[in-house]
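Undergrad: One structure is given below, represented as structure tokens, and several questions about it will come after.
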Amino acid sequence: MATTKHTLVAIVQDKPGVLNRMVSLFRRRGFNIDSIAVGHSEVAHLSRVTIVVNGTTATVEQVRKQLDKLIDVAKVFDITGEKLIGRELALVKVKAGSATRSEIIEIADIFRANIVDVASDSLTIEITGDEDKIESMLKLLNGFGVKEIARTGRIAMVRGNIGAMPDEKPAKSRAKKPAA
Amino acid sequence: MKKTGAQIICESLIAEGVDVMFGFPGGVLLPFYDTLPQYPRIRHILVRHEQAAAHAADGYARATGKVGVCMATSGPGATNLVTGIANAYLDSVPMVAFTGQVVRAQIGKDSFQEIDITGITLPITKHSYVAMDTASLARIIKEAFYIARTGRPGPVLIDIPKDVMQEMAEFSYPDRVSLPGYKIPTSGHPTQLKNAAKLINEAKRPLIIAGRGVIISGASDELKQMAETSQIPVITTLLGIGCFPEHHILSYGMPGMHGMGYANKALDETDLLIAIGMRFDDRVTGKISGFAPRAKIIHIDMDPAEIGKNVSVDVPIVGDVKAVLRALHKLLETNAHVDWIRQLDEWRQQHPLTDVRASSGLLPQYIIRELYEATGGDAVVVTGVGQHQMWTAQHYIFHHPDSFISSGGLGTMGFGLPAAMGAKIGRPEKAVWLVDGDGSFQMNIQELATLVQDNIAVKIAIMNNGYLGMVRQWQDLFYKKNYVATPLSCPDFVKVAEAYCIPGVTVTRREEVQPAIEQAAAHDGPFLINFMVEPEENVFPMVPPGASNIEFIEEPKKEVTSWPRRSTL
Ligand SMILES: Cc1ncc(C[n+]2csc(CCOP(=O)(O)OP(=O)(O)O)c2C)c(N)n1
């Protein structure tokens with residue numbers, strides 16, 4: 001069966017060991033993670049995890065259900081089919097001599113990337129965007145000699161005002177609730 | 001009121017209605033054991049090996065439906081629990097396992113007897129806790145019991161540093177839990193129920209396969225009602241044995257690797273398989289592509305992740321089995337399926353399990369049947385793992401949901417004796433019989449001492465074949481009888497029992513079987529029978545590993561003496 005990339009979003013308790021539990025589950029059941037990115041969410045005590053997994057629809061559904069069973073996982077959504085804003089950040093340290101420097105800066109400009117560090121024989125570029133954009137820039141930079149790359153995993157959100165999660169009320173209505 | 005952590009543990013156990021726990025002490029547990037006498041309501045059974053504490057808690061839980069509790073010290077005590085916890089995990093048994101931990105300041109320093117037991121047990125627990133402060137102990141214990149017994153049950157581990165047991169904190173036992181991420185499905189989805197009912201009402205050759213989920217949710221009556229209303233034959237998985245009375249006219253035994261030929265034939269021919277509280281283990285399905293090849297499948301289970309995991313399903317119903325069956329029953333039409341049932345009965349005639357060979361030697365199948373006759377099917381029967389386990393499943397006739405206790409998912413040798421111990425403590429009014437293998441028995445043989453110290457009247461029937469029989473059977477059938485590492489020397493089990501002050505007899509002939517069983521039953525206390533059975537007897541039918549269920553091998557035909565399987569109805 002054909003495998004495709006799926007983007008899952010998990011809302012989890014912000015407690016020690018939770019990520020360990022999730023990753024342990026992936027390992028035990030032999031699911032392959034492309035990337036995983038964790039950070040705080042809009043709610044205190046809850047973190048948001050974006051997971052990119054490669055697999056058949058059935059496997060990914062199994063991943064989602066298994067994750068959902070973890071007590072510390074409040075919700076898991078497969079947002080693959082939704083209209084997404086997906087972002088990744090990369091830092092790229094590329095060889096840059098006086099002959100190539102301006103060309104590299106030009107490439108960074110085209111991709112709206114920032115030069116964040118300049119050394120005598122290298123430049124460090126920061127780029128955000130979807131995976132394709134980052135891949136394209138890296139391809140161009142490869143010719144100059146890439147010394148080091150650091151990439152985050154993907155973080156993602158569904159477009160529009162349907163809230164963080166497809167089947168949830170808009171975030172606004174949550175904010176309107178009278179304080180307890 | 002302020003209490004020590006150790007007192008809080010005891011108070012919480014009492015609040016949870018715990019009256020027995022199985023444990024083994026150690027340095028970091030001393031604050032707890034020092035406190036225990038203040039709480040005489042909690043009976044503590046001192047096992048001889050921590051693995052047995054977990055298995056005993058497991059047997060207790062299966063026999064009573066309550067949460068089993070076990071405790072072990074840090075380091076080696078905790079790691080000894082691992083097999084028992086894994087066993088409970090794979091068979092969905094509610095359990096709370098406490099482990100002691102080194103004091104907080106020493107955690108992470110490879111201190112004496114420090115082990116990361118939560119890390120080790122992560123993949124085999126439903127959930128786990130490290131209790132890092134005394135004030136959170138009561139909440140953690142409350143949550144642990146709640147998680148262990150609700151939804152799909154399972155083991156929960158609580159690791160408690162020694163100094164957390166010593167410090168004082170305000171105690172009040174919470175009356176509710178707040179676990180926003182924990183969802184327990186209840187009734188099934190109405191649309192799916194409707195879809196299922198439609199399929200059932202239209203099916204020509206429907207078949208129910210029932211698993212342990214039926215037992216867990218206490219849905220035996222509902223299952224019976226459904227089967228009778230729509231006249232649907234019922235087969236049960238190994239762990240589902242007893243959830244449907246086996247003397248019932250619609251009962252067709254267990255399918256799978258050592259299942260009845262007719263149950264496997266039924267699976268092959270059915271046009272609608274209604275799977276209830278079971279998880280399509282490979283020992284049941286055989287080769288997936290050959291499993292119920294003509295059938296649509298309805299799968300009813302509490303755990304959404306089980307649905308579609310191993311086989312694809314036409315109608316998924318997530319919910320508590322009892323509630324789902326009740327709702328479903330309202331939508332069912334009465335039906336007869338006369339031809340289908342006649343067909344099954346024909347297969348039962350053609351592929352009987354009804355024959356016990358005339359043999360000069362002592363056959364384990366014969367012994368199991370005698371045991372059934374002697375107990376009237378009313379005992380709790382616990383097994384080890386191996387041939388004897390399969391023979392028990394095949395030849396004893398189980399009528400009650402809580403009468404067969406066996407390690408299914410993990411297949412743990414050594415489970416039998418401690419689990420029987422736990423079962424007897426949970427159900428003192430019942431006769432508890434352990435049918436064990438000579439290999440399995442030796443894996444936790446030390447628990448004979450526990451039987452004696454706590455006067456636990458388990459009756460032990462060892463099928464002594466001098467082999468690791470089930471493995472020898474594979475060597476026999478698939479490895480040209482190359483019997484490597486399966487011949488097994490045994491001590492004189494009767495003498496061993498005697499050394500523990502347990503009476504016993506050795507039985508070598510058919511005529512001695514019944515009197516020995518009677519003698520054991522009549523004795524007030526534990527009793528051991530060492531049955532010297534035919535060494536190279538094999539379990540049939542058998543589906544070769546990797547084959548489809550329909551490719552079962554039957555017993556090579558020999559001289560037979562008939563023995564009707566259904567003694568009633
Ligand atoms: C802890 C453990 N180790 C190994 C096995 C593999 N195994 C399965 S059945 C079996 C033989 C069991 O022998 P015995 O208890 O004498 O029972 P018999 O098959 O002879 O009835 C073995 C070794 C197991 N299931 N569990």
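Simple scheme: letters A, B, ... for chains in structure tokens order, numbers from 1 for residues in each chain, numbers from 1 for ligands in the order shown.
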If you count only C-alpha atoms, which residues fall within 8 Å of Ile33 of chain A, apart from same-chain ones fewer than 6 positions away, as a PyMOL selection string?
TA: chain A and resi 26+51-54
Undergrad: What are the residues of chain B that have an atom within 6 Å of an atom of chain A, counting only C-alpha atoms, as a list of chain:residue names?
TA: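 So the residues of chain B near chain A are B:Gly181, B:Tyr182, B:Ala305.
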Undergrad: Write the selection just made, keeping C-alpha atoms, as a compact mmCIF listing (two decimals), in the first residue's frame?
TA:
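So part_2.txt came out as:
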# COMPACT_ATOMS: atom_id res chain seq x y z
CA GLY B 181 -6.95 12.86 28.47
CA TYR B 182 -8.51 9.59 29.58
CA ALA B 305 -7.08 0.97 18.81
Undergrad: Which residues form the shell of 9 Å around ligand 1 when you count only C-alpha atoms and all ligand atoms, given as a ChimeraX atom specification?
TA: /B:83,364,384-391,410-415,436-443,462-473,486,488,535
Undergrad: Could the residues in this selection be saved with N, CA, C and O atoms as a compact mmCIF listing (two decimals), in the first residue's frame?
TA:
# COMPACT_ATOMS: atom_id res chain seq x y z
N THR B 83 7.89 -9.46 34.41
CA THR B 83 7.16 -10.49 33.66
C THR B 83 5.69 -10.53 34.07
O THR B 83 4.80 -10.67 33.23
N PRO B 364 -3.09 -37.28 29.38
CA PRO B 364 -3.49 -36.05 30.06
C PRO B 364 -4.94 -35.68 29.74
O PRO B 364 -5.66 -35.19 30.62
N GLY B 384 -0.66 -23.63 33.73
CA GLY B 384 0.62 -23.08 33.28
C GLY B 384 0.53 -22.89 31.78
O GLY B 384 -0.55 -22.68 31.23
N VAL B 385 1.69 -22.96 31.12
CA VAL B 385 1.69 -22.75 29.68
C VAL B 385 2.34 -23.94 28.98
O VAL B 385 3.41 -24.39 29.37
N GLY B 386 1.65 -24.45 27.98
CA GLY B 386 2.18 -25.59 27.23
C GLY B 386 1.06 -26.50 26.80
O GLY B 386 -0.10 -26.09 26.71
N GLN B 387 1.40 -27.76 26.56
CA GLN B 387 0.40 -28.72 26.10
C GLN B 387 -0.74 -28.87 27.10
O GLN B 387 -1.92 -28.90 26.73
N HIS B 388 -0.37 -28.97 28.38
CA HIS B 388 -1.40 -29.19 29.40
C HIS B 388 -2.43 -28.07 29.40
O HIS B 388 -3.60 -28.27 29.67
N GLN B 389 -1.96 -26.86 29.08
CA GLN B 389 -2.85 -25.69 29.01
C GLN B 389 -3.87 -25.88 27.89
O GLN B 389 -5.08 -25.64 28.07
N MET B 390 -3.39 -26.34 26.75
CA MET B 390 -4.28 -26.55 25.61
C MET B 390 -5.24 -27.71 25.88
O MET B 390 -6.42 -27.65 25.54
N TRP B 391 -4.72 -28.77 26.48
CA TRP B 391 -5.60 -29.89 26.80
C TRP B 391 -6.69 -29.48 27.77
O TRP B 391 -7.84 -29.90 27.66
N LEU B 410 0.79 -13.40 26.83
CA LEU B 410 2.24 -13.54 26.99
C LEU B 410 2.65 -15.01 27.03
O LEU B 410 3.79 -15.33 26.72
N GLY B 411 1.74 -15.88 27.41
CA GLY B 411 2.07 -17.30 27.49
C GLY B 411 3.20 -17.54 28.47
O GLY B 411 4.25 -18.08 28.10
N THR B 412 2.98 -17.18 29.72
CA THR B 412 4.05 -17.17 30.70
C THR B 412 4.15 -18.46 31.48
O THR B 412 3.30 -18.76 32.33
N MET B 413 5.16 -19.28 31.22
CA MET B 413 5.40 -20.43 32.09
C MET B 413 5.70 -19.92 33.49
O MET B 413 6.35 -18.89 33.65
N GLY B 414 5.19 -20.61 34.48
CA GLY B 414 5.39 -20.16 35.85
C GLY B 414 4.23 -19.34 36.36
O GLY B 414 4.16 -18.98 37.54
N PHE B 415 3.28 -19.06 35.49
CA PHE B 415 2.11 -18.28 35.87
C PHE B 415 1.19 -19.08 36.80
O PHE B 415 0.59 -18.53 37.73
N ASP B 436 -0.84 -28.05 35.80
CA ASP B 436 0.45 -27.46 35.44
C ASP B 436 1.31 -28.47 34.69
O ASP B 436 1.10 -29.68 34.77
N GLY B 437 2.30 -27.95 33.97
CA GLY B 437 3.29 -28.82 33.34
C GLY B 437 4.48 -28.99 34.27
O GLY B 437 4.71 -28.15 35.15
N ASP B 438 5.25 -30.04 34.07
CA ASP B 438 6.42 -30.22 34.94
C ASP B 438 7.43 -29.09 34.72
O ASP B 438 8.17 -28.72 35.63
N GLY B 439 7.45 -28.54 33.50
CA GLY B 439 8.35 -27.42 33.24
C GLY B 439 7.82 -26.14 33.85
O GLY B 439 8.51 -25.45 34.62
N SER B 440 6.58 -25.82 33.55
CA SER B 440 5.97 -24.59 34.08
C SER B 440 6.01 -24.56 35.61
O SER B 440 6.31 -23.54 36.22
N PHE B 441 5.71 -25.72 36.21
CA PHE B 441 5.64 -25.78 37.67
C PHE B 441 6.97 -25.43 38.30
O PHE B 441 7.04 -24.74 39.32
N GLN B 442 8.05 -25.90 37.66
CA GLN B 442 9.37 -25.64 38.24
C GLN B 442 9.80 -24.19 38.12
O GLN B 442 10.78 -23.78 38.71
N MET B 443 9.07 -23.42 37.34
CA MET B 443 9.44 -22.01 37.20
C MET B 443 9.04 -21.16 38.40
O MET B 443 9.58 -20.07 38.58
N ILE B 462 -0.06 -32.02 38.36
CA ILE B 462 1.06 -31.84 37.42
C ILE B 462 0.98 -32.90 36.34
O ILE B 462 0.87 -34.09 36.62
N MET B 463 0.99 -32.45 35.09
CA MET B 463 1.05 -33.38 33.96
C MET B 463 2.54 -33.58 33.67
O MET B 463 3.16 -32.81 32.94
N ASN B 464 3.07 -34.63 34.30
CA ASN B 464 4.51 -34.82 34.27
C ASN B 464 4.90 -35.70 33.09
O ASN B 464 4.77 -36.92 33.14
N ASN B 465 5.39 -35.05 32.02
CA ASN B 465 5.78 -35.83 30.84
C ASN B 465 7.29 -35.85 30.63
O ASN B 465 7.79 -36.35 29.62
N GLY B 466 8.02 -35.25 31.54
CA GLY B 466 9.48 -35.28 31.43
C GLY B 466 10.03 -34.46 30.26
O GLY B 466 11.20 -34.59 29.90
N TYR B 467 9.18 -33.64 29.71
CA TYR B 467 9.60 -32.79 28.59
C TYR B 467 9.04 -31.40 28.76
O TYR B 467 8.03 -31.21 29.44
N LEU B 468 9.68 -30.44 28.10
CA LEU B 468 9.00 -29.18 27.82
C LEU B 468 8.10 -29.51 26.63
O LEU B 468 8.47 -29.36 25.47
N GLY B 469 6.94 -30.03 26.98
CA GLY B 469 6.15 -30.78 26.02
C GLY B 469 5.77 -30.02 24.76
O GLY B 469 5.88 -30.55 23.65
N MET B 470 5.31 -28.81 24.93
CA MET B 470 4.82 -28.10 23.75
C MET B 470 5.96 -27.82 22.77
O MET B 470 5.78 -27.90 21.55
N VAL B 471 7.12 -27.52 23.31
CA VAL B 471 8.25 -27.25 22.43
C VAL B 471 8.72 -28.56 21.79
O VAL B 471 9.05 -28.61 20.60
N ARG B 472 8.70 -29.64 22.59
CA ARG B 472 9.03 -30.95 22.03
C ARG B 472 8.08 -31.30 20.89
O ARG B 472 8.48 -31.85 19.88
N GLN B 473 6.81 -30.94 21.06
CA GLN B 473 5.83 -31.23 20.00
C GLN B 473 6.22 -30.53 18.69
O GLN B 473 6.11 -31.10 17.62
N THR B 486 14.75 -29.96 25.36
CA THR B 486 13.38 -30.15 25.83
C THR B 486 13.19 -31.33 26.79
O THR B 486 12.23 -31.31 27.56
N LEU B 488 13.48 -33.01 30.15
CA LEU B 488 13.54 -32.22 31.38
C LEU B 488 13.57 -33.16 32.57
O LEU B 488 12.65 -33.95 32.76
N PRO B 535 4.77 -39.65 27.78
CA PRO B 535 5.75 -38.58 27.53
C PRO B 535 5.62 -37.91 26.16
O PRO B 535 5.84 -36.71 26.05
Undergrad: Excluding segment 38-45 of chain A and any residue of its chain fewer than 3 positions from it, enumerate the residues within 6 Å of it, using only C-alpha atoms, and give them as a list in words.
TA: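 My list of contacting residues is Gln13, Asp14, Arg48 and Val49 of chain A.
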Undergrad: For Asp133 of chain B, find every residue with an atom within 10 Å (counting only C-alpha atoms), except residues of its own chain fewer than 5 positions away, and show them as a VMD selection string.
TA: chain B and resid 5 104 160 to 161 163 to 165 167 to 169
Undergrad: Skip Gly277 of chain B itself and residues of its chain fewer than 3 positions away, then list as a PyMOL selection string all residues within 9 Å of it, counting only C-alpha atoms.
TA: chain B and resi 209-217+240+299-303+320-321
Undergrad: Would you output that residue set with N, CA, C and O atoms, as a short mmCIF file (atom, residue, chain, number, x, y, z; two decimals), in the first residue's frame?
TA:
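Output contents, as saved in part.cif:
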data_model
loop_
_atom_site.label_atom_id
_atom_site.label_comp_id
_atom_site.auth_asym_id
_atom_site.auth_seq_id
_atom_site.Cartn_x
_atom_site.Cartn_y
_atom_site.Cartn_z
N ILE B 209 -17.54 -14.81 17.69
CA ILE B 209 -16.31 -15.19 18.37
C ILE B 209 -16.13 -14.26 19.56
O ILE B 209 -16.04 -13.04 19.41
N ALA B 210 -16.16 -14.84 20.75
CA ALA B 210 -16.18 -14.03 21.97
C ALA B 210 -14.86 -14.15 22.71
O ALA B 210 -14.28 -15.23 22.79
N GLY B 211 -14.39 -13.04 23.24
CA GLY B 211 -13.10 -13.02 23.94
C GLY B 211 -13.25 -12.55 25.38
O GLY B 211 -14.35 -12.45 25.91
N ARG B 212 -12.10 -12.24 25.98
CA ARG B 212 -12.08 -11.88 27.38
C ARG B 212 -12.86 -10.58 27.67
O ARG B 212 -13.30 -10.35 28.80
N GLY B 213 -13.03 -9.77 26.65
CA GLY B 213 -13.80 -8.54 26.83
C GLY B 213 -15.20 -8.81 27.36
O GLY B 213 -15.75 -8.02 28.11
N VAL B 214 -15.76 -9.96 26.96
CA VAL B 214 -17.10 -10.32 27.44
C VAL B 214 -17.04 -10.57 28.95
O VAL B 214 -17.91 -10.13 29.71
N ILE B 215 -15.98 -11.24 29.38
CA ILE B 215 -15.82 -11.53 30.81
C ILE B 215 -15.59 -10.24 31.58
O ILE B 215 -16.22 -9.99 32.60
N ILE B 216 -14.70 -9.40 31.06
CA ILE B 216 -14.36 -8.15 31.75
C ILE B 216 -15.61 -7.30 31.94
O ILE B 216 -15.81 -6.72 33.01
N SER B 217 -16.44 -7.21 30.92
CA SER B 217 -17.58 -6.32 31.07
C SER B 217 -18.79 -7.03 31.68
O SER B 217 -19.86 -6.45 31.81
N GLY B 240 -11.42 -16.17 26.28
CA GLY B 240 -12.87 -15.98 26.38
C GLY B 240 -13.55 -17.22 26.95
O GLY B 240 -14.75 -17.20 27.23
N HIS B 299 -16.84 -5.83 14.59
CA HIS B 299 -15.92 -5.91 15.74
C HIS B 299 -16.40 -4.98 16.84
O HIS B 299 -16.46 -3.77 16.66
N ILE B 300 -16.73 -5.59 17.97
CA ILE B 300 -17.16 -4.81 19.13
C ILE B 300 -16.04 -4.83 20.15
O ILE B 300 -15.63 -5.90 20.60
N ASP B 301 -15.51 -3.66 20.50
CA ASP B 301 -14.44 -3.64 21.50
C ASP B 301 -14.41 -2.31 22.22
O ASP B 301 -14.79 -1.27 21.68
N MET B 302 -13.94 -2.38 23.46
CA MET B 302 -13.81 -1.20 24.29
C MET B 302 -12.66 -0.30 23.81
O MET B 302 -12.68 0.91 23.98
N ASP B 303 -11.66 -0.92 23.22
CA ASP B 303 -10.44 -0.19 22.87
C ASP B 303 -10.45 0.15 21.38
O ASP B 303 -10.31 -0.72 20.53
N ASP B 320 -18.46 -0.35 25.63
CA ASP B 320 -18.48 -1.41 26.63
C ASP B 320 -19.34 -2.55 26.08
O ASP B 320 -20.48 -2.34 25.65
N VAL B 321 -18.81 -3.76 26.10
CA VAL B 321 -19.46 -4.89 25.47
C VAL B 321 -20.89 -5.08 25.99
O VAL B 321 -21.83 -5.28 25.22
#
Undergrad: Tell me which of B:Val432, B:Ile200, B:Val539, B:Ile341 sits closest to Leu363 of chain B, counting only C-alpha atoms.
TA: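 Among the listed residues, the smallest separation from Leu363 of chain B belongs to B:Val539.
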Undergrad: Just list as a VMD selection string whatever in segment 368-485 of chain B DSSP marks as strand (DSSP E).
TA: chain B and resid 380 to 383 404 to 405 432 to 437 459 to 464
Undergrad: Put those residues in a file: C-alpha atoms, as a short mmCIF file (atom, residue, chain, number, x, y, z; two decimals), in the first residue's frame.
TA:
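Ended up saving to again-v5.cif:
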data_model
loop_
_atom_site.label_atom_id
_atom_site.label_comp_id
_atom_site.auth_asym_id
_atom_site.auth_seq_id
_atom_site.Cartn_x
_atom_site.Cartn_y
_atom_site.Cartn_z
CA VAL B 380 -11.71 -22.48 39.13
CA VAL B 381 -9.08 -24.06 36.90
CA VAL B 382 -5.74 -22.34 36.50
CA THR B 383 -3.02 -23.53 34.13
CA PHE B 404 -10.65 -20.65 33.54
CA ILE B 405 -7.54 -18.66 34.36
CA VAL B 432 -9.18 -24.06 42.83
CA TRP B 433 -7.30 -26.55 40.69
CA LEU B 434 -3.94 -25.87 39.11
CA VAL B 435 -3.24 -27.97 36.04
CA ASP B 436 0.45 -27.46 35.44
CA GLY B 437 3.29 -28.82 33.34
CA LYS B 459 -5.05 -28.48 44.45
CA ILE B 460 -2.16 -29.14 42.12
CA ALA B 461 -2.28 -31.56 39.19
CA ILE B 462 1.06 -31.84 37.42
CA MET B 463 1.05 -33.38 33.96
CA ASN B 464 4.51 -34.82 34.27
#
Undergrad: Using DSSP on the backbone coordinates, identify the residues of chain A assigned to helix (DSSP H, G or I); present them as JSON, numbers by chain.
TA: {"A": [18, 19, 20, 21, 22, 23, 24, 25, 26, 27, 28, 29, 57, 58, 59, 60, 61, 62, 63, 64, 65, 66, 67, 68, 69, 101, 102, 103, 104, 105, 106, 107, 108, 109, 110, 131, 132, 133, 134, 135, 136, 137, 138, 139, 140, 141, 142, 171, 172, 173, 174, 175, 176]}
Undergrad: Applying 12 Å and only C-alpha atoms, which residues near Pro428 of chain B remain after dropping the ones on its own chain fewer than 6 positions away? List them as a PDB file with N, CA and C atoms, in the first residue's frame.
TA:
ATOM      1  N   TYR B  60      -5.749 -13.288  41.279  1.00  0.00           N
ATOM      2  CA  TYR B  60      -6.762 -12.739  42.183  1.00  0.00           C
ATOM      3  C   TYR B  60      -7.728 -11.843  41.407  1.00  0.00           C
ATOM      4  N   ALA B  63     -10.011 -13.828  39.106  1.00  0.00           N
ATOM      5  CA  ALA B  63     -11.009 -14.632  39.797  1.00  0.00           C
ATOM      6  C   ALA B  63     -12.099 -13.770  40.418  1.00  0.00           C
ATOM      7  N   THR B  64     -11.763 -12.528  40.764  1.00  0.00           N
ATOM      8  CA  THR B  64     -12.723 -11.697  41.495  1.00  0.00           C
ATOM      9  C   THR B  64     -13.268 -10.528  40.681  1.00  0.00           C
ATOM     10  N   ALA B 379     -15.193 -25.884  39.466  1.00  0.00           N
ATOM     11  CA  ALA B 379     -13.956 -25.378  40.055  1.00  0.00           C
ATOM     12  C   ALA B 379     -13.431 -24.179  39.271  1.00  0.00           C
ATOM     13  N   VAL B 380     -12.515 -23.451  39.879  1.00  0.00           N
ATOM     14  CA  VAL B 380     -11.708 -22.484  39.135  1.00  0.00           C
ATOM     15  C   VAL B 380     -10.467 -23.248  38.695  1.00  0.00           C
ATOM     16  N   ALA B 420      -2.893 -19.373  40.754  1.00  0.00           N
ATOM     17  CA  ALA B 420      -3.866 -20.206  41.459  1.00  0.00           C
ATOM     18  C   ALA B 420      -3.968 -19.770  42.921  1.00  0.00           C
ATOM     19  N   MET B 421      -2.816 -19.426  43.478  1.00  0.00           N
ATOM     20  CA  MET B 421      -2.761 -18.912  44.847  1.00  0.00           C
ATOM     21  C   MET B 421      -3.646 -17.672  44.988  1.00  0.00           C
ATOM     22  N   GLY B 422      -3.461 -16.744  44.054  1.00  0.00           N
ATOM     23  CA  GLY B 422      -4.246 -15.507  44.073  1.00  0.00           C
ATOM     24  C   GLY B 422      -5.728 -15.796  43.886  1.00  0.00           C
ATOM     25  N   ASN B 455      -1.757 -21.065  54.310  1.00  0.00           N
ATOM     26  CA  ASN B 455      -2.789 -22.088  54.204  1.00  0.00           C
ATOM     27  C   ASN B 455      -3.751 -21.819  53.051  1.00  0.00           C
ATOM     28  N   ILE B 456      -3.201 -21.837  51.866  1.00  0.00           N
ATOM     29  CA  ILE B 456      -3.985 -21.582  50.657  1.00  0.00           C
ATOM     30  C   ILE B 456      -4.220 -22.934  49.986  1.00  0.00           C
ATOM     31  N   ALA B 457      -5.495 -23.365  50.005  1.00  0.00           N
ATOM     32  CA  ALA B 457      -5.793 -24.755  49.638  1.00  0.00           C
ATOM     33  C   ALA B 457      -5.906 -24.964  48.130  1.00  0.00           C
ATOM     34  N   VAL B 458      -4.823 -24.728  47.421  1.00  0.00           N
ATOM     35  CA  VAL B 458      -4.803 -24.976  45.981  1.00  0.00           C
ATOM     36  C   VAL B 458      -4.534 -26.461  45.738  1.00  0.00           C
ATOM     37  N   GLY B 525      -6.674 -28.428  52.656  1.00  0.00           N
ATOM     38  CA  GLY B 525      -5.410 -27.705  52.468  1.00  0.00           C
ATOM     39  C   GLY B 525      -4.848 -28.019  51.103  1.00  0.00           C
TER      40      GLY B 525
END
Undergrad: Check the smallest atom-to-atom distance from each of B:Gly290, B:Glu536, B:Asp314, B:Ala61 to Pro487 of chain B using only C-alpha atoms, then report the winner.
TA: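 Closest candidate: B:Glu536.
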Undergrad: Any idea what the distance is between atom CA of Glu246 of chain B and atom CA of Gln394 of chain B?
TA: 10.5 Å
Undergrad: Determine the nearest neighbour of Ile155 of chain A from the options A:Gly30, A:Glu131, A:Val18, A:Glu103, counting only C-alpha atoms.
TA: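 Ranking A:Gly30, A:Glu131, A:Val18, A:Glu103 by distance to Ile155 of chain A, first place goes to A:Glu131.
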Undergrad: Quick one: residues within 12 Å of Ile104 of chain A, only C-alpha atoms, excluding same-chain residues fewer than 2 positions away - as a ChimeraX atom specification?
TA: /A:92-102,106-111,113-115,118,122-125,137-138,140-146
